[in-house]
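I have placed the structure first, in the form of structure tokens, so that the comments after it can refer back to it.
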Amino acid sequence: MSVGVVLRKTPGVTRWAKWVWTASAVLPGAGPADWRELRREGDTVEYHAATLVLELHGADTEAYLHGLTAEVPSLYVVMREGDAEHPLDIVLVTASPYEAQDYTDSGEEIVEKVPMPHGLVAWVRDFVTEFHTQETFVKRQRDKKDISRKEDGIGDPRIGKDGDIYASPSLKRRRLI
């Protein structure tokens, strides 16, 4: 499904950041956009910055389910620093909180959490109900080791060893004394 990303530009509160950019909304089913101005209130401006495709994958249904059960179901917008023409490049829109967390690890990308509209919540929920299968927990069995064989003295320098085992020169000197 195509999803438009709305970015909000507000004046910064410090002298080091002239502007603050945040993802403020998503527009399900939006058409193509290239930083189209949507609304202006004083110095605050909202842009329909880009439209990306939101893809859902059958292997990620557990992550989508986790995101849907949150207090506020959300989409995650992944952005990078842009060039002079556009301050931010929008890389990805995802419904998976796990994938969004992976993008935060590098520190290169900016990840914003945006509330998911009700229509998208229903669309993702339908996808999860159709493709999610609950995996049953299977405890791993331990390897069957033969513990009846005792090998006393392994690793103890006070016990003599066969000649083919390496011993450091200082360890050999202590044995000779």
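In the structure tokens, each chain is lettered A, B, ... as it comes, each chain's residues begin at 1, and ligands are numbered from 1 in order of appearance.
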Check: If you run DSSP on the backbone, which residues of chain A are strand (DSSP E), as a PyMOL selection string?
Finding: chain A and resi 2-11+19-28+36-41+44-53+74-81+88-94+110-115
Next item on the list: Tell me which protein, DNA and RNA residues are within 7 Å of A:Leu54, counting only C-alpha atoms, leaving out same-chain ones fewer than 6 positions away, and put them as a list in words.
Entry: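 Here the answer would be Met1, Ser2, Val3, Val93 and Thr94 of chain A.
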Let me see the file: selected residues, N, CA and C atoms, as a PDB file, in the first residue's frame.
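Done, and the output landed in selection.pdb:
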ATOM      1  N   MET A   1       0.847  -1.176   0.000  1.00  0.00           N
ATOM      2  CA  MET A   1       0.000   0.000   0.000  1.00  0.00           C
ATOM      3  C   MET A   1       0.891   1.238   0.000  1.00  0.00           C
ATOM      4  N   SER A   2       0.540   2.199  -0.801  1.00  0.00           N
ATOM      5  CA  SER A   2       1.320   3.443  -0.812  1.00  0.00           C
ATOM      6  C   SER A   2       0.926   4.296   0.398  1.00  0.00           C
ATOM      7  N   VAL A   3       1.940   4.871   1.008  1.00  0.00           N
ATOM      8  CA  VAL A   3       1.735   5.675   2.224  1.00  0.00           C
ATOM      9  C   VAL A   3       2.522   6.969   2.070  1.00  0.00           C
ATOM     10  N   VAL A  93       9.116   3.192   5.298  1.00  0.00           N
ATOM     11  CA  VAL A  93       7.979   3.217   6.216  1.00  0.00           C
ATOM     12  C   VAL A  93       7.677   1.764   6.544  1.00  0.00           C
ATOM     13  N   THR A  94       7.630   1.431   7.838  1.00  0.00           N
ATOM     14  CA  THR A  94       7.412   0.052   8.243  1.00  0.00           C
ATOM     15  C   THR A  94       6.432  -0.024   9.409  1.00  0.00           C
TER      16      THR A  94
END
Note to self: When DSSP is applied to the backbone of this structure, which of stretch 4-144 of chain A are assigned alpha helix (DSSP H)? Write them out as a PyMOL selection string.
What the structure shows: chain A and resi 61-68+97-104+118-131
Got time to write the residues from that selection, N, CA and C atoms, as an mmCIF file, in the first residue's frame?
data_model
loop_
_atom_site.group_PDB
_atom_site.id
_atom_site.type_symbol
_atom_site.label_atom_id
_atom_site.label_comp_id
_atom_site.auth_asym_id
_atom_site.auth_seq_id
_atom_site.Cartn_x
_atom_site.Cartn_y
_atom_site.Cartn_z
ATOM 1 N N THR A 61 5.046 -11.374 10.880
ATOM 2 C CA THR A 61 3.730 -11.195 11.503
ATOM 3 C C THR A 61 3.816 -11.061 13.011
ATOM 4 N N GLU A 62 4.803 -11.695 13.636
ATOM 5 C CA GLU A 62 4.951 -11.559 15.088
ATOM 6 C C GLU A 62 5.269 -10.114 15.457
ATOM 7 N N ALA A 63 6.120 -9.465 14.660
ATOM 8 C CA ALA A 63 6.468 -8.060 14.910
ATOM 9 C C ALA A 63 5.251 -7.161 14.701
ATOM 10 N N TYR A 64 4.475 -7.424 13.646
ATOM 11 C CA TYR A 64 3.275 -6.620 13.405
ATOM 12 C C TYR A 64 2.275 -6.786 14.543
ATOM 13 N N LEU A 65 2.138 -8.008 15.027
ATOM 14 C CA LEU A 65 1.227 -8.279 16.139
ATOM 15 C C LEU A 65 1.675 -7.522 17.384
ATOM 16 N N HIS A 66 2.977 -7.507 17.616
ATOM 17 C CA HIS A 66 3.518 -6.757 18.755
ATOM 18 C C HIS A 66 3.212 -5.267 18.612
ATOM 19 N N GLY A 67 3.365 -4.731 17.405
ATOM 20 C CA GLY A 67 3.075 -3.319 17.163
ATOM 21 C C GLY A 67 1.601 -2.983 17.300
ATOM 22 N N LEU A 68 0.725 -3.912 16.887
ATOM 23 C CA LEU A 68 -0.717 -3.672 16.984
ATOM 24 C C LEU A 68 -1.213 -3.708 18.420
ATOM 25 N N PRO A 97 8.006 -2.862 14.620
ATOM 26 C CA PRO A 97 8.862 -2.188 15.594
ATOM 27 C C PRO A 97 10.257 -2.812 15.659
ATOM 28 N N TYR A 98 10.372 -4.095 15.326
ATOM 29 C CA TYR A 98 11.677 -4.765 15.346
ATOM 30 C C TYR A 98 12.580 -4.209 14.244
ATOM 31 N N GLU A 99 12.030 -4.022 13.063
ATOM 32 C CA GLU A 99 12.808 -3.476 11.953
ATOM 33 C C GLU A 99 13.214 -2.034 12.245
ATOM 34 N N ALA A 100 12.308 -1.263 12.836
ATOM 35 C CA ALA A 100 12.623 0.122 13.191
ATOM 36 C C ALA A 100 13.755 0.163 14.213
ATOM 37 N N GLN A 101 13.747 -0.756 15.156
ATOM 38 C CA GLN A 101 14.811 -0.806 16.155
ATOM 39 C C GLN A 101 16.154 -1.130 15.506
ATOM 40 N N ASP A 102 16.149 -1.982 14.493
ATOM 41 C CA ASP A 102 17.392 -2.300 13.791
ATOM 42 C C ASP A 102 17.995 -1.052 13.138
ATOM 43 N N TYR A 103 17.156 -0.166 12.643
ATOM 44 C CA TYR A 103 17.661 1.048 12.011
ATOM 45 C C TYR A 103 18.214 2.039 13.030
ATOM 46 N N THR A 104 17.768 1.982 14.267
ATOM 47 C CA THR A 104 18.287 2.903 15.288
ATOM 48 C C THR A 104 19.668 2.509 15.773
ATOM 49 N N HIS A 118 -6.729 4.451 11.521
ATOM 50 C CA HIS A 118 -7.593 3.287 11.792
ATOM 51 C C HIS A 118 -7.695 2.351 10.591
ATOM 52 N N GLY A 119 -7.743 2.888 9.387
ATOM 53 C CA GLY A 119 -7.825 2.042 8.196
ATOM 54 C C GLY A 119 -6.593 1.162 8.038
ATOM 55 N N LEU A 120 -5.420 1.728 8.330
ATOM 56 C CA LEU A 120 -4.188 0.937 8.258
ATOM 57 C C LEU A 120 -4.122 -0.102 9.368
ATOM 58 N N VAL A 121 -4.631 0.239 10.553
ATOM 59 C CA VAL A 121 -4.668 -0.738 11.653
ATOM 60 C C VAL A 121 -5.486 -1.946 11.224
ATOM 61 N N ALA A 122 -6.632 -1.704 10.608
ATOM 62 C CA ALA A 122 -7.484 -2.804 10.144
ATOM 63 C C ALA A 122 -6.790 -3.606 9.047
ATOM 64 N N TRP A 123 -6.095 -2.938 8.137
ATOM 65 C CA TRP A 123 -5.397 -3.619 7.045
ATOM 66 C C TRP A 123 -4.286 -4.528 7.574
ATOM 67 N N VAL A 124 -3.475 -4.013 8.519
ATOM 68 C CA VAL A 124 -2.391 -4.804 9.105
ATOM 69 C C VAL A 124 -2.965 -5.949 9.935
ATOM 70 N N ARG A 125 -4.038 -5.671 10.684
ATOM 71 C CA ARG A 125 -4.654 -6.725 11.507
ATOM 72 C C ARG A 125 -5.196 -7.854 10.623
ATOM 73 N N ASP A 126 -5.830 -7.521 9.496
ATOM 74 C CA ASP A 126 -6.317 -8.547 8.567
ATOM 75 C C ASP A 126 -5.157 -9.387 8.031
ATOM 76 N N PHE A 127 -4.052 -8.729 7.709
ATOM 77 C CA PHE A 127 -2.882 -9.453 7.222
ATOM 78 C C PHE A 127 -2.354 -10.420 8.283
ATOM 79 N N VAL A 128 -2.265 -9.942 9.519
ATOM 80 C CA VAL A 128 -1.755 -10.785 10.613
ATOM 81 C C VAL A 128 -2.687 -11.960 10.862
ATOM 82 N N THR A 129 -3.996 -11.732 10.849
ATOM 83 C CA THR A 129 -4.934 -12.846 11.081
ATOM 84 C C THR A 129 -4.843 -13.886 9.974
ATOM 85 N N GLU A 130 -4.558 -13.456 8.773
ATOM 86 C CA GLU A 130 -4.485 -14.410 7.672
ATOM 87 C C GLU A 130 -3.179 -15.202 7.664
ATOM 88 N N PHE A 131 -2.065 -14.569 7.992
ATOM 89 C CA PHE A 131 -0.770 -15.222 7.793
ATOM 90 C C PHE A 131 -0.029 -15.623 9.065
#
Item checked: Residue with smallest distance to A:Val72 - pool A:Pro115, A:Val45, A:Leu88, A:Val13, counting only C-alpha atoms ->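 With only C-alpha atoms as the atom set, the closest residue is A:Pro115.
The smallest atom-to-atom distance between A:Arg36 and any of A:Pro73, A:Pro117, A:Gly4, A:Gly107, using only C-alpha atoms, is found for A:Gly4.
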Margin query: Just to confirm, what's the straight-line distance from atom CA of A:His57 to atom CA of A:Lys113 in Å (one decimal)?
Written below: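 Between these atoms lies a distance of 19.7 Å.
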Item checked: Contacts of A:Ala30 at 10 Å (only C-alpha atoms; same-chain gap of 2+ positions) as a ChimeraX atom specification -> /A:1-5,26-28,32-33,48,50-53
Output N, CA and C atoms of each residue in that selection to a file, as a PDB file, in the first residue's frame.
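Writing done, so here's again.pdb:
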ATOM      1  N   MET A   1       0.847  -1.176   0.000  1.00  0.00           N
ATOM      2  CA  MET A   1       0.000   0.000   0.000  1.00  0.00           C
ATOM      3  C   MET A   1       0.891   1.238   0.000  1.00  0.00           C
ATOM      4  N   SER A   2       0.540   2.199  -0.801  1.00  0.00           N
ATOM      5  CA  SER A   2       1.320   3.443  -0.812  1.00  0.00           C
ATOM      6  C   SER A   2       0.926   4.296   0.398  1.00  0.00           C
ATOM      7  N   VAL A   3       1.940   4.871   1.008  1.00  0.00           N
ATOM      8  CA  VAL A   3       1.735   5.675   2.224  1.00  0.00           C
ATOM      9  C   VAL A   3       2.522   6.969   2.070  1.00  0.00           C
ATOM     10  N   GLY A   4       1.824   8.086   2.204  1.00  0.00           N
ATOM     11  CA  GLY A   4       2.478   9.391   2.153  1.00  0.00           C
ATOM     12  C   GLY A   4       2.992   9.767   3.525  1.00  0.00           C
ATOM     13  N   VAL A   5       4.125  10.419   3.576  1.00  0.00           N
ATOM     14  CA  VAL A   5       4.732  10.826   4.846  1.00  0.00           C
ATOM     15  C   VAL A   5       4.669  12.340   4.950  1.00  0.00           C
ATOM     16  N   VAL A  26       0.922  10.069   8.571  1.00  0.00           N
ATOM     17  CA  VAL A  26       1.019   9.283   7.336  1.00  0.00           C
ATOM     18  C   VAL A  26      -0.327   9.349   6.637  1.00  0.00           C
ATOM     19  N   LEU A  27      -0.281   9.277   5.315  1.00  0.00           N
ATOM     20  CA  LEU A  27      -1.489   9.364   4.501  1.00  0.00           C
ATOM     21  C   LEU A  27      -1.637   8.072   3.697  1.00  0.00           C
ATOM     22  N   PRO A  28      -2.536   7.143   4.130  1.00  0.00           N
ATOM     23  CA  PRO A  28      -2.693   5.890   3.391  1.00  0.00           C
ATOM     24  C   PRO A  28      -3.255   6.136   1.993  1.00  0.00           C
ATOM     25  N   PRO A  32       1.778  10.386  -5.584  1.00  0.00           N
ATOM     26  CA  PRO A  32       3.170  10.846  -5.550  1.00  0.00           C
ATOM     27  C   PRO A  32       3.270  12.272  -5.013  1.00  0.00           C
ATOM     28  N   ALA A  33       4.371  12.532  -4.318  1.00  0.00           N
ATOM     29  CA  ALA A  33       4.573  13.863  -3.743  1.00  0.00           C
ATOM     30  C   ALA A  33       6.054  14.175  -3.740  1.00  0.00           C
ATOM     31  N   HIS A  48       3.998  17.316   2.545  1.00  0.00           N
ATOM     32  CA  HIS A  48       3.848  15.933   2.097  1.00  0.00           C
ATOM     33  C   HIS A  48       5.162  15.640   1.380  1.00  0.00           C
ATOM     34  N   ALA A  50       7.084  12.712   0.849  1.00  0.00           N
ATOM     35  CA  ALA A  50       7.297  11.597  -0.085  1.00  0.00           C
ATOM     36  C   ALA A  50       6.194  10.569   0.101  1.00  0.00           C
ATOM     37  N   THR A  51       6.049   9.718  -0.895  1.00  0.00           N
ATOM     38  CA  THR A  51       5.130   8.589  -0.822  1.00  0.00           C
ATOM     39  C   THR A  51       5.939   7.327  -1.056  1.00  0.00           C
ATOM     40  N   LEU A  52       5.861   6.400  -0.093  1.00  0.00           N
ATOM     41  CA  LEU A  52       6.582   5.137  -0.191  1.00  0.00           C
ATOM     42  C   LEU A  52       5.591   3.992  -0.119  1.00  0.00           C
ATOM     43  N   VAL A  53       6.071   2.809  -0.437  1.00  0.00           N
ATOM     44  CA  VAL A  53       5.229   1.614  -0.391  1.00  0.00           C
ATOM     45  C   VAL A  53       5.436   0.933   0.962  1.00  0.00           C
TER      46      VAL A  53
END
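Counting from atom CA of A:Glu46, the distance to atom CA of A:Glu109 is 20.8 Å.
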Item checked: Among listed residues A:Ala17, A:Ala70, A:Val91, A:Ala49, nearest A:Glu108 (using only C-alpha atoms) -> A:Val91
Checklist line | Nearest to A:Ala23 by atom-to-atom distance, counting only C-alpha atoms, from A:Glu135, A:Glu37, A:Glu112, A:Asp143 | finding: A:Glu112
